[in-house]
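Structure file work.cif (mmCIF, C-alpha atoms and all ligand atoms) is printed below.
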```cif
data_run
loop_
_atom_site.group_PDB
_atom_site.id
_atom_site.type_symbol
_atom_site.label_atom_id
_atom_site.label_comp_id
_atom_site.auth_asym_id
_atom_site.auth_seq_id
_atom_site.Cartn_x
_atom_site.Cartn_y
_atom_site.Cartn_z
ATOM 1 C CA MET S 300 16.030 14.644 -6.353
ATOM 2 C CA SER S 301 14.758 12.228 -3.718
ATOM 3 C CA LYS S 302 11.346 10.678 -4.255
ATOM 4 C CA ILE S 303 8.722 8.498 -2.669
ATOM 5 C CA CYS S 304 8.013 5.393 -4.748
ATOM 6 C CA TYR S 305 4.321 4.877 -4.031
ATOM 7 C CA ILE S 306 2.950 1.338 -4.560
ATOM 8 C CA MET S 307 -0.799 1.122 -5.108
ATOM 9 C CA GLY S 308 -3.283 -1.463 -6.274
ATOM 10 C CA LYS S 309 -6.402 -3.366 -5.335
ATOM 11 C CA SER S 310 -6.494 -5.876 -2.510
ATOM 12 C CA SER S 311 -4.306 -8.937 -3.208
ATOM 13 C CA SER S 312 -2.759 -7.370 -6.291
ATOM 14 C CA GLY S 313 0.623 -8.131 -4.695
ATOM 15 C CA LYS S 314 1.616 -4.805 -3.116
ATOM 16 C CA ASP S 315 3.211 -6.357 -0.004
ATOM 17 C CA THR S 316 5.029 -8.971 -2.057
ATOM 18 C CA ILE S 317 6.385 -6.376 -4.489
ATOM 19 C CA PHE S 318 7.299 -4.019 -1.668
ATOM 20 C CA LYS S 319 9.349 -6.720 0.098
ATOM 21 C CA ARG S 320 11.060 -7.890 -3.088
ATOM 22 C CA LEU S 321 11.923 -4.330 -4.173
ATOM 23 C CA LYS S 322 13.401 -3.657 -0.757
ATOM 24 C CA GLU S 323 15.644 -6.703 -1.229
ATOM 25 C CA ARG S 324 16.728 -5.445 -4.657
ATOM 26 C CA ARG S 325 17.136 -1.828 -3.513
ATOM 27 C CA PRO S 326 18.139 -1.960 0.161
ATOM 28 C CA GLU S 327 18.994 1.748 0.062
ATOM 29 C CA PHE S 328 15.298 2.579 -0.130
ATOM 30 C CA ARG S 329 13.945 3.855 3.143
ATOM 31 C CA THR S 330 10.402 3.015 4.176
ATOM 32 C CA ILE S 331 7.660 5.131 5.659
ATOM 33 C CA THR S 332 5.765 2.860 7.955
ATOM 34 C CA LEU S 333 2.073 3.649 7.885
ATOM 35 C CA TYR S 334 -0.160 3.342 10.909
ATOM 36 C CA THR S 335 -3.300 1.260 11.291
ATOM 37 C CA THR S 336 -5.863 0.599 13.986
ATOM 38 C CA ARG S 337 -6.710 -2.808 12.469
ATOM 39 C CA PRO S 338 -5.641 -5.914 14.383
ATOM 40 C CA ILE S 339 -2.324 -7.472 13.482
ATOM 41 C CA ARG S 340 -2.533 -10.502 11.130
ATOM 42 C CA GLU S 341 -0.697 -13.825 11.349
ATOM 43 C CA GLY S 342 2.893 -13.329 10.228
ATOM 44 C CA GLU S 343 2.870 -9.522 10.537
ATOM 45 C CA THR S 344 5.269 -7.630 12.802
ATOM 46 C CA ASP S 345 4.553 -4.314 14.506
ATOM 47 C CA GLY S 346 6.585 -1.559 12.837
ATOM 48 C CA VAL S 347 7.229 -3.643 9.700
ATOM 49 C CA GLU S 348 3.981 -3.872 7.692
ATOM 50 C CA TYR S 349 2.410 -1.085 9.793
ATOM 51 C CA HIS S 350 2.657 0.595 13.156
ATOM 52 C CA PHE S 351 -0.279 -1.097 14.853
ATOM 53 C CA THR S 352 -2.059 1.402 17.072
ATOM 54 C CA ASP S 353 -5.538 2.321 18.305
ATOM 55 C CA GLU S 354 -7.888 5.312 18.383
ATOM 56 C CA SER S 355 -6.049 6.983 21.256
ATOM 57 C CA GLY S 356 -2.729 6.582 19.415
ATOM 58 C CA LEU S 357 -4.258 8.245 16.350
ATOM 59 C CA LYS S 358 -5.692 11.083 18.429
ATOM 60 C CA ALA S 359 -2.333 11.742 20.093
ATOM 61 C CA LEU S 360 -0.670 12.139 16.670
ATOM 62 C CA GLU S 361 -3.548 14.302 15.392
ATOM 63 C CA ASP S 362 -3.189 16.551 18.425
ATOM 64 C CA LYS S 363 0.472 17.013 17.510
ATOM 65 C CA GLY S 364 -0.628 18.036 13.977
ATOM 66 C CA CYS S 365 1.441 15.405 12.204
ATOM 67 C CA VAL S 366 -1.207 13.214 10.543
ATOM 68 C CA ILE S 367 -0.869 13.720 6.763
ATOM 69 C CA GLU S 368 -3.869 11.618 5.768
ATOM 70 C CA VAL S 369 -6.289 9.219 7.411
ATOM 71 C CA ARG S 370 -8.869 6.823 5.944
ATOM 72 C CA ALA S 371 -11.519 4.862 7.788
ATOM 73 C CA TYR S 372 -12.974 1.557 6.581
ATOM 74 C CA ASN S 373 -16.236 0.228 7.950
ATOM 75 C CA THR S 374 -15.189 -3.424 7.887
ATOM 76 C CA LYS S 375 -16.989 -6.614 8.887
ATOM 77 C CA CYS S 376 -14.776 -6.511 11.991
ATOM 78 C CA GLY S 377 -15.405 -2.865 12.996
ATOM 79 C CA ILE S 378 -13.998 0.481 11.855
ATOM 80 C CA TRP S 379 -10.352 0.220 10.858
ATOM 81 C CA LYS S 380 -8.292 3.328 10.210
ATOM 82 C CA TYR S 381 -5.093 3.630 8.200
ATOM 83 C CA PHE S 382 -2.993 6.781 8.281
ATOM 84 C CA THR S 383 0.311 8.390 7.400
ATOM 85 C CA ALA S 384 2.091 10.591 9.909
ATOM 86 C CA ASP S 385 4.951 13.028 9.450
ATOM 87 C CA ASP S 386 6.510 11.758 12.640
ATOM 88 C CA GLY S 387 10.124 12.599 11.859
ATOM 89 C CA GLN S 388 10.865 9.525 9.735
ATOM 90 C CA ILE S 389 10.719 11.354 6.354
ATOM 91 C CA ASP S 390 13.717 13.317 5.023
ATOM 92 C CA LEU S 391 13.203 14.046 1.333
ATOM 93 C CA GLU S 392 16.420 16.038 1.132
ATOM 94 C CA LYS S 393 18.517 12.910 1.377
ATOM 95 C CA GLU S 394 16.641 9.654 0.921
ATOM 96 C CA ASP S 395 14.426 7.786 -1.545
ATOM 97 C CA TYR S 396 11.466 6.031 0.025
ATOM 98 C CA ILE S 397 9.182 3.161 -0.858
ATOM 99 C CA VAL S 398 5.640 3.058 0.476
ATOM 100 C CA ILE S 399 2.375 1.153 0.025
ATOM 101 C CA GLY S 400 -0.784 3.250 -0.102
ATOM 102 C CA THR S 401 -4.106 3.989 -1.729
ATOM 103 C CA LEU S 402 -5.110 6.451 -4.415
ATOM 104 C CA GLN S 403 -6.505 8.703 -1.684
ATOM 105 C CA SER S 404 -3.307 8.649 0.351
ATOM 106 C CA PHE S 405 -1.233 9.128 -2.814
ATOM 107 C CA GLU S 406 -3.189 12.300 -3.544
ATOM 108 C CA ALA S 407 -2.857 13.543 0.049
ATOM 109 C CA MET S 408 0.894 12.846 0.044
ATOM 110 C CA SER S 409 1.193 14.650 -3.305
ATOM 111 C CA ARG S 410 -0.501 17.700 -1.807
ATOM 112 C CA TYR S 411 1.674 17.552 1.316
ATOM 113 C CA PHE S 412 5.107 16.940 -0.249
ATOM 114 C CA GLY S 413 4.513 18.057 -3.879
ATOM 115 C CA ARG S 414 3.466 15.805 -6.785
ATOM 116 C CA ASP S 415 6.995 15.787 -8.233
ATOM 117 C CA LYS S 416 8.223 14.084 -5.057
ATOM 118 C CA LEU S 417 6.052 11.017 -5.680
ATOM 119 C CA LEU S 418 6.597 8.217 -8.170
ATOM 120 C CA PRO S 419 3.396 6.136 -8.496
ATOM 121 C CA VAL S 420 3.681 2.365 -9.070
ATOM 122 C CA TYR S 421 0.205 1.033 -9.819
ATOM 123 C CA VAL S 422 0.022 -2.787 -9.711
ATOM 124 C CA GLU S 423 -2.791 -4.801 -11.244
ATOM 125 C CA VAL S 424 -3.901 -8.415 -11.586
ATOM 126 C CA GLU S 425 -6.878 -9.852 -13.474
ATOM 127 C CA ASP S 426 -9.845 -9.979 -11.051
ATOM 128 C CA GLY S 427 -10.364 -13.777 -11.099
ATOM 129 C CA LEU S 428 -6.709 -14.485 -10.361
ATOM 130 C CA ARG S 429 -6.644 -11.767 -7.711
ATOM 131 C CA LEU S 430 -9.680 -13.246 -5.941
ATOM 132 C CA LYS S 431 -8.063 -16.684 -6.034
ATOM 133 C CA ARG S 432 -4.881 -15.268 -4.477
ATOM 134 C CA ALA S 433 -6.950 -13.462 -1.841
ATOM 135 C CA LEU S 434 -8.765 -16.691 -0.923
ATOM 136 C CA ASP S 435 -5.555 -18.740 -0.857
ATOM 137 C CA ARG S 436 -4.018 -16.152 1.474
ATOM 138 C CA GLU S 437 -7.091 -16.143 3.716
ATOM 139 C CA LEU S 438 -7.086 -19.945 3.948
ATOM 140 C CA GLN S 439 -3.636 -19.761 5.508
ATOM 141 C CA GLN S 440 -4.868 -17.578 8.376
ATOM 142 C CA ASN S 441 -5.785 -19.156 11.731
ATOM 143 C CA GLU S 442 -9.107 -17.335 11.619
ATOM 144 C CA PRO S 443 -9.955 -16.642 7.987
ATOM 145 C CA LYS S 444 -12.123 -13.544 7.520
ATOM 146 C CA TYR S 445 -13.973 -14.383 4.325
ATOM 147 C CA ALA S 446 -16.671 -11.704 4.643
ATOM 148 C CA GLU S 447 -14.030 -9.006 5.041
ATOM 149 C CA MET S 448 -12.116 -10.394 2.085
ATOM 150 C CA CYS S 449 -15.280 -10.116 -0.058
ATOM 151 C CA ARG S 450 -16.053 -6.613 1.232
ATOM 152 C CA ARG S 451 -12.602 -5.416 0.243
ATOM 153 C CA PHE S 452 -12.847 -7.034 -3.156
ATOM 154 C CA LEU S 453 -16.119 -5.193 -3.836
ATOM 155 C CA ALA S 454 -14.993 -1.878 -2.298
ATOM 156 C CA ASP S 455 -11.946 -1.908 -4.595
ATOM 157 C CA GLN S 456 -14.211 -1.727 -7.649
ATOM 158 C CA GLU S 457 -15.217 1.752 -6.493
ATOM 159 C CA ASP S 458 -11.975 2.908 -4.830
ATOM 160 C CA PHE S 459 -9.892 1.984 -7.879
ATOM 161 C CA SER S 460 -12.427 2.823 -10.565
ATOM 162 C CA GLU S 461 -10.984 3.931 -13.887
ATOM 163 C CA ASP S 462 -12.227 7.467 -13.155
ATOM 164 C CA HIS S 463 -10.369 7.574 -9.835
ATOM 165 C CA ILE S 464 -7.173 6.181 -11.362
ATOM 166 C CA LYS S 465 -7.336 8.802 -14.089
ATOM 167 C CA ALA S 466 -8.140 11.624 -11.647
ATOM 168 C CA ALA S 467 -5.057 10.715 -9.589
ATOM 169 C CA GLY S 468 -2.936 11.089 -12.725
ATOM 170 C CA ILE S 469 -1.828 7.426 -12.813
ATOM 171 C CA GLU S 470 -0.677 6.594 -16.315
ATOM 172 C CA ARG S 471 1.720 3.685 -15.943
ATOM 173 C CA ARG S 472 0.467 0.263 -14.757
ATOM 174 C CA PHE S 473 2.405 -2.888 -13.859
ATOM 175 C CA SER S 474 0.847 -6.307 -14.344
ATOM 176 C CA ASN S 475 1.671 -8.745 -11.516
ATOM 177 C CA GLU S 476 0.802 -12.002 -13.224
ATOM 178 C CA ASP S 477 4.435 -13.109 -13.077
ATOM 179 C CA ILE S 478 6.284 -11.639 -10.123
ATOM 180 C CA GLU S 479 9.772 -11.619 -11.680
ATOM 181 C CA GLU S 480 8.607 -9.904 -14.877
ATOM 182 C CA CYS S 481 6.663 -7.380 -12.829
ATOM 183 C CA LEU S 482 9.673 -6.598 -10.625
ATOM 184 C CA ASN S 483 11.961 -6.191 -13.628
ATOM 185 C CA GLU S 484 9.531 -3.755 -15.248
ATOM 186 C CA ILE S 485 9.215 -1.724 -12.052
ATOM 187 C CA GLU S 486 12.956 -1.639 -11.602
ATOM 188 C CA ASP S 487 13.478 -0.293 -15.140
ATOM 189 C CA TYR S 488 10.884 2.373 -14.414
ATOM 190 C CA LEU S 489 12.617 3.336 -11.150
ATOM 191 C CA ASN S 490 15.972 3.546 -12.909
ATOM 192 C CA GLU S 491 14.444 5.884 -15.496
ATOM 193 C CA ASN S 492 12.712 8.104 -12.953
ATOM 194 C CA LEU S 493 14.825 8.293 -9.814
HETATM 195 N N1 LIG D 1 2.957 -12.851 -8.977
HETATM 196 C C1 LIG D 1 2.404 -13.618 -8.046
HETATM 197 N N2 LIG D 1 2.164 -14.927 -8.294
HETATM 198 C C2 LIG D 1 1.553 -15.708 -7.386
HETATM 199 N N3 LIG D 1 1.134 -15.299 -6.160
HETATM 200 C C3 LIG D 1 1.353 -14.006 -5.852
HETATM 201 C C4 LIG D 1 1.989 -13.102 -6.767
HETATM 202 N N4 LIG D 1 2.062 -11.880 -6.176
HETATM 203 C C5 LIG D 1 1.499 -12.029 -4.962
HETATM 204 N N5 LIG D 1 1.070 -13.292 -4.754
HETATM 205 C C6 LIG D 1 0.366 -13.828 -3.582
HETATM 206 O O1 LIG D 1 -0.924 -13.222 -3.585
HETATM 207 C C7 LIG D 1 -1.353 -12.931 -2.251
HETATM 208 C C8 LIG D 1 -1.645 -11.448 -2.165
HETATM 209 O O2 LIG D 1 -0.409 -10.743 -2.277
HETATM 210 P P1 LIG D 1 -0.069 -9.542 -1.301
HETATM 211 O O3 LIG D 1 -0.409 -9.887 0.095
HETATM 212 O O4 LIG D 1 1.316 -9.145 -1.628
HETATM 213 O O5 LIG D 1 -1.122 -8.476 -1.877
HETATM 214 P P2 LIG D 1 -1.526 -7.021 -1.328
HETATM 215 O O6 LIG D 1 -1.836 -6.224 -2.540
HETATM 216 O O7 LIG D 1 -0.478 -6.515 -0.409
HETATM 217 O O8 LIG D 1 -2.850 -7.359 -0.559
HETATM 218 P P3 LIG D 1 -3.697 -6.505 0.523
HETATM 219 O O9 LIG D 1 -3.822 -5.108 0.004
HETATM 220 O O10 LIG D 1 -4.998 -7.214 0.524
HETATM 221 O O11 LIG D 1 -2.957 -6.609 1.817
HETATM 222 C C9 LIG D 1 -0.232 -13.378 -1.330
HETATM 223 O O12 LIG D 1 -0.555 -14.642 -0.798
HETATM 224 C C10 LIG D 1 0.997 -13.459 -2.256
HETATM 225 O O13 LIG D 1 1.915 -14.433 -1.812
#
```

Could you spell out this file's structure in structure tokens?
Amino acid sequence: MSKICYIMGKSSSGKDTIFKRLKERRPEFRTITLYTTRPIREGETDGVEYHFTDESGLKALEDKGCVIEVRAYNTKCGIWKYFTADDGQIDLEKEDYIVIGTLQSFEAMSRYFGRDKLLPVYVEVEDGLRLKRALDRELQQNEPKYAEMCRRFLADQEDFSEDHIKAAGIERRFSNEDIEECLNEIEDYLNENL
């Protein structure tokens, strides 16, 4: 049975890094590119990390009835929305997919496609190390957004509270202290469950 491997974790836990490395290891995985209204960051490419769009783009997809889930974040830089659309790119009869999302979107996708179609991969990193990685990443940006980085760090405490993780039915966690060890563990888990 085809499944959606759903990568989740707090900000700077390494979701993007793991996603890219898993895609290299398992090139047969298809991706579901999410949409966002946030501005594109240095080094990102439209249609790769996200489909970068705006409010009118979101409304057009909503009018067509194909938005599966949408979340809005009141950031230091304005309201940014992230959403998943059933825009014809998902065929669960044939393909396995790999996606990055949140607990909220994981739950919405589970309702939409069926919980058995999703394979959650929850990534975690000790908070101090995660904050250091977040700051190091921000320092590399042309216009570092430190306030937004801090907001996300604090918001994650609530979004990924133990209660929320439990309510979403997440049991397995993958520590991303060492990237190779983390990838090996995830790959074993995929082999067991796909
Ligand atoms: N195991 C690791 N060891 C050292 N650095 C890492 C490791 N995993 C990720 N990083 C680095 O940590 C930073 C955050 O990683 P990444 O961007 O993949 O996280 P993310 O969870 O996708 O973040 P966000 O949700 O905020 O976009 C990046 O600069 C990345 O290169």

Take the PyMOL selection byres (((not hetatm)) within 6 of (chain D and resi 1)), run it mentally on this structure, and tell me the resulting residues as a list of chain:residue names.
S:Ser310, S:Ser311, S:Ser312, S:Gly313, S:Lys314, S:Asp315, S:Thr316, S:Arg432, S:Ala433, S:Arg436, S:Asn475, S:Glu476, S:Asp477, S:Ile478

Distance in Å - atom CA of Glu423 of chain S versus atom CA of Ser474 of chain S
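Calculated distance between atom CA of Glu423 of chain S and atom CA of Ser474 of chain S is 5.0 Å.
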
Which polymer residues have any atom within 6 Å of an atom of Ile306 of chain S, counting only C-alpha atoms, with same-chain residues fewer than 6 positions away left out, as a PyMOL selection string?
chain S and resi 398-399+420-421

Give the answer as one residue: which of S:Ile303, S:Val347, S:Leu357, S:Ile317 has the shortest atom-to-atom distance to Lys380 of chain S, using only C-alpha atoms?
S:Leu357

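Going from atom CA of Tyr396 of chain S over to atom CA of Glu457 of chain S, you cover 27.8 Å.
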
Residue among S:Tyr488, S:Tyr334, S:Tyr381, S:Phe473 lying closest to Val369 of chain S, counting all atoms listed in the file
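Checking each of S:Tyr488, S:Tyr334, S:Tyr381, S:Phe473 against Val369 of chain S, counting all atoms listed in the file, the winner is S:Tyr381.
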
Just so the selection is clear, what residues does the PyMOL selection byres (((chain S and resi 377-379) around 10) and not hetatm) cover here, as a ChimeraX atom specification?
/S:335-338,353-354,370-376,380-381

Take the PyMOL selection byres (((chain S and resi 328) around 9) and not hetatm), apply it to the structure above, and return the hits as a PyMOL selection string.
chain S and resi 321-322+325-327+329-330+394-397

Straight-line distance linking atom CA of Lys393 of chain S with atom CA of Asp415 of chain S, stated in Å to one decimal
15.3 Å

Smallest atom-to-atom distance to Leu489 of chain S: which of S:Arg324, S:Arg340, S:Lys319, S:Lys465, using all atoms listed in the file?
S:Arg324

Around all listed atoms of segment 407-419 of chain S, padded 6 Å per side, what centre and edge lengths does the axis-aligned box have in Å to one decimal, as JSON?
```
{"center_x": 2.7, "center_y": 12.1, "center_z": -3.6, "size_x": 23.1, "size_y": 23.9, "size_z": 21.8}
```

Quick one: residues within 9 Å of Ile367 of chain S, only C-alpha atoms counted, chain neighbours fewer than 5 positions away excluded, as a count of residues only?
8
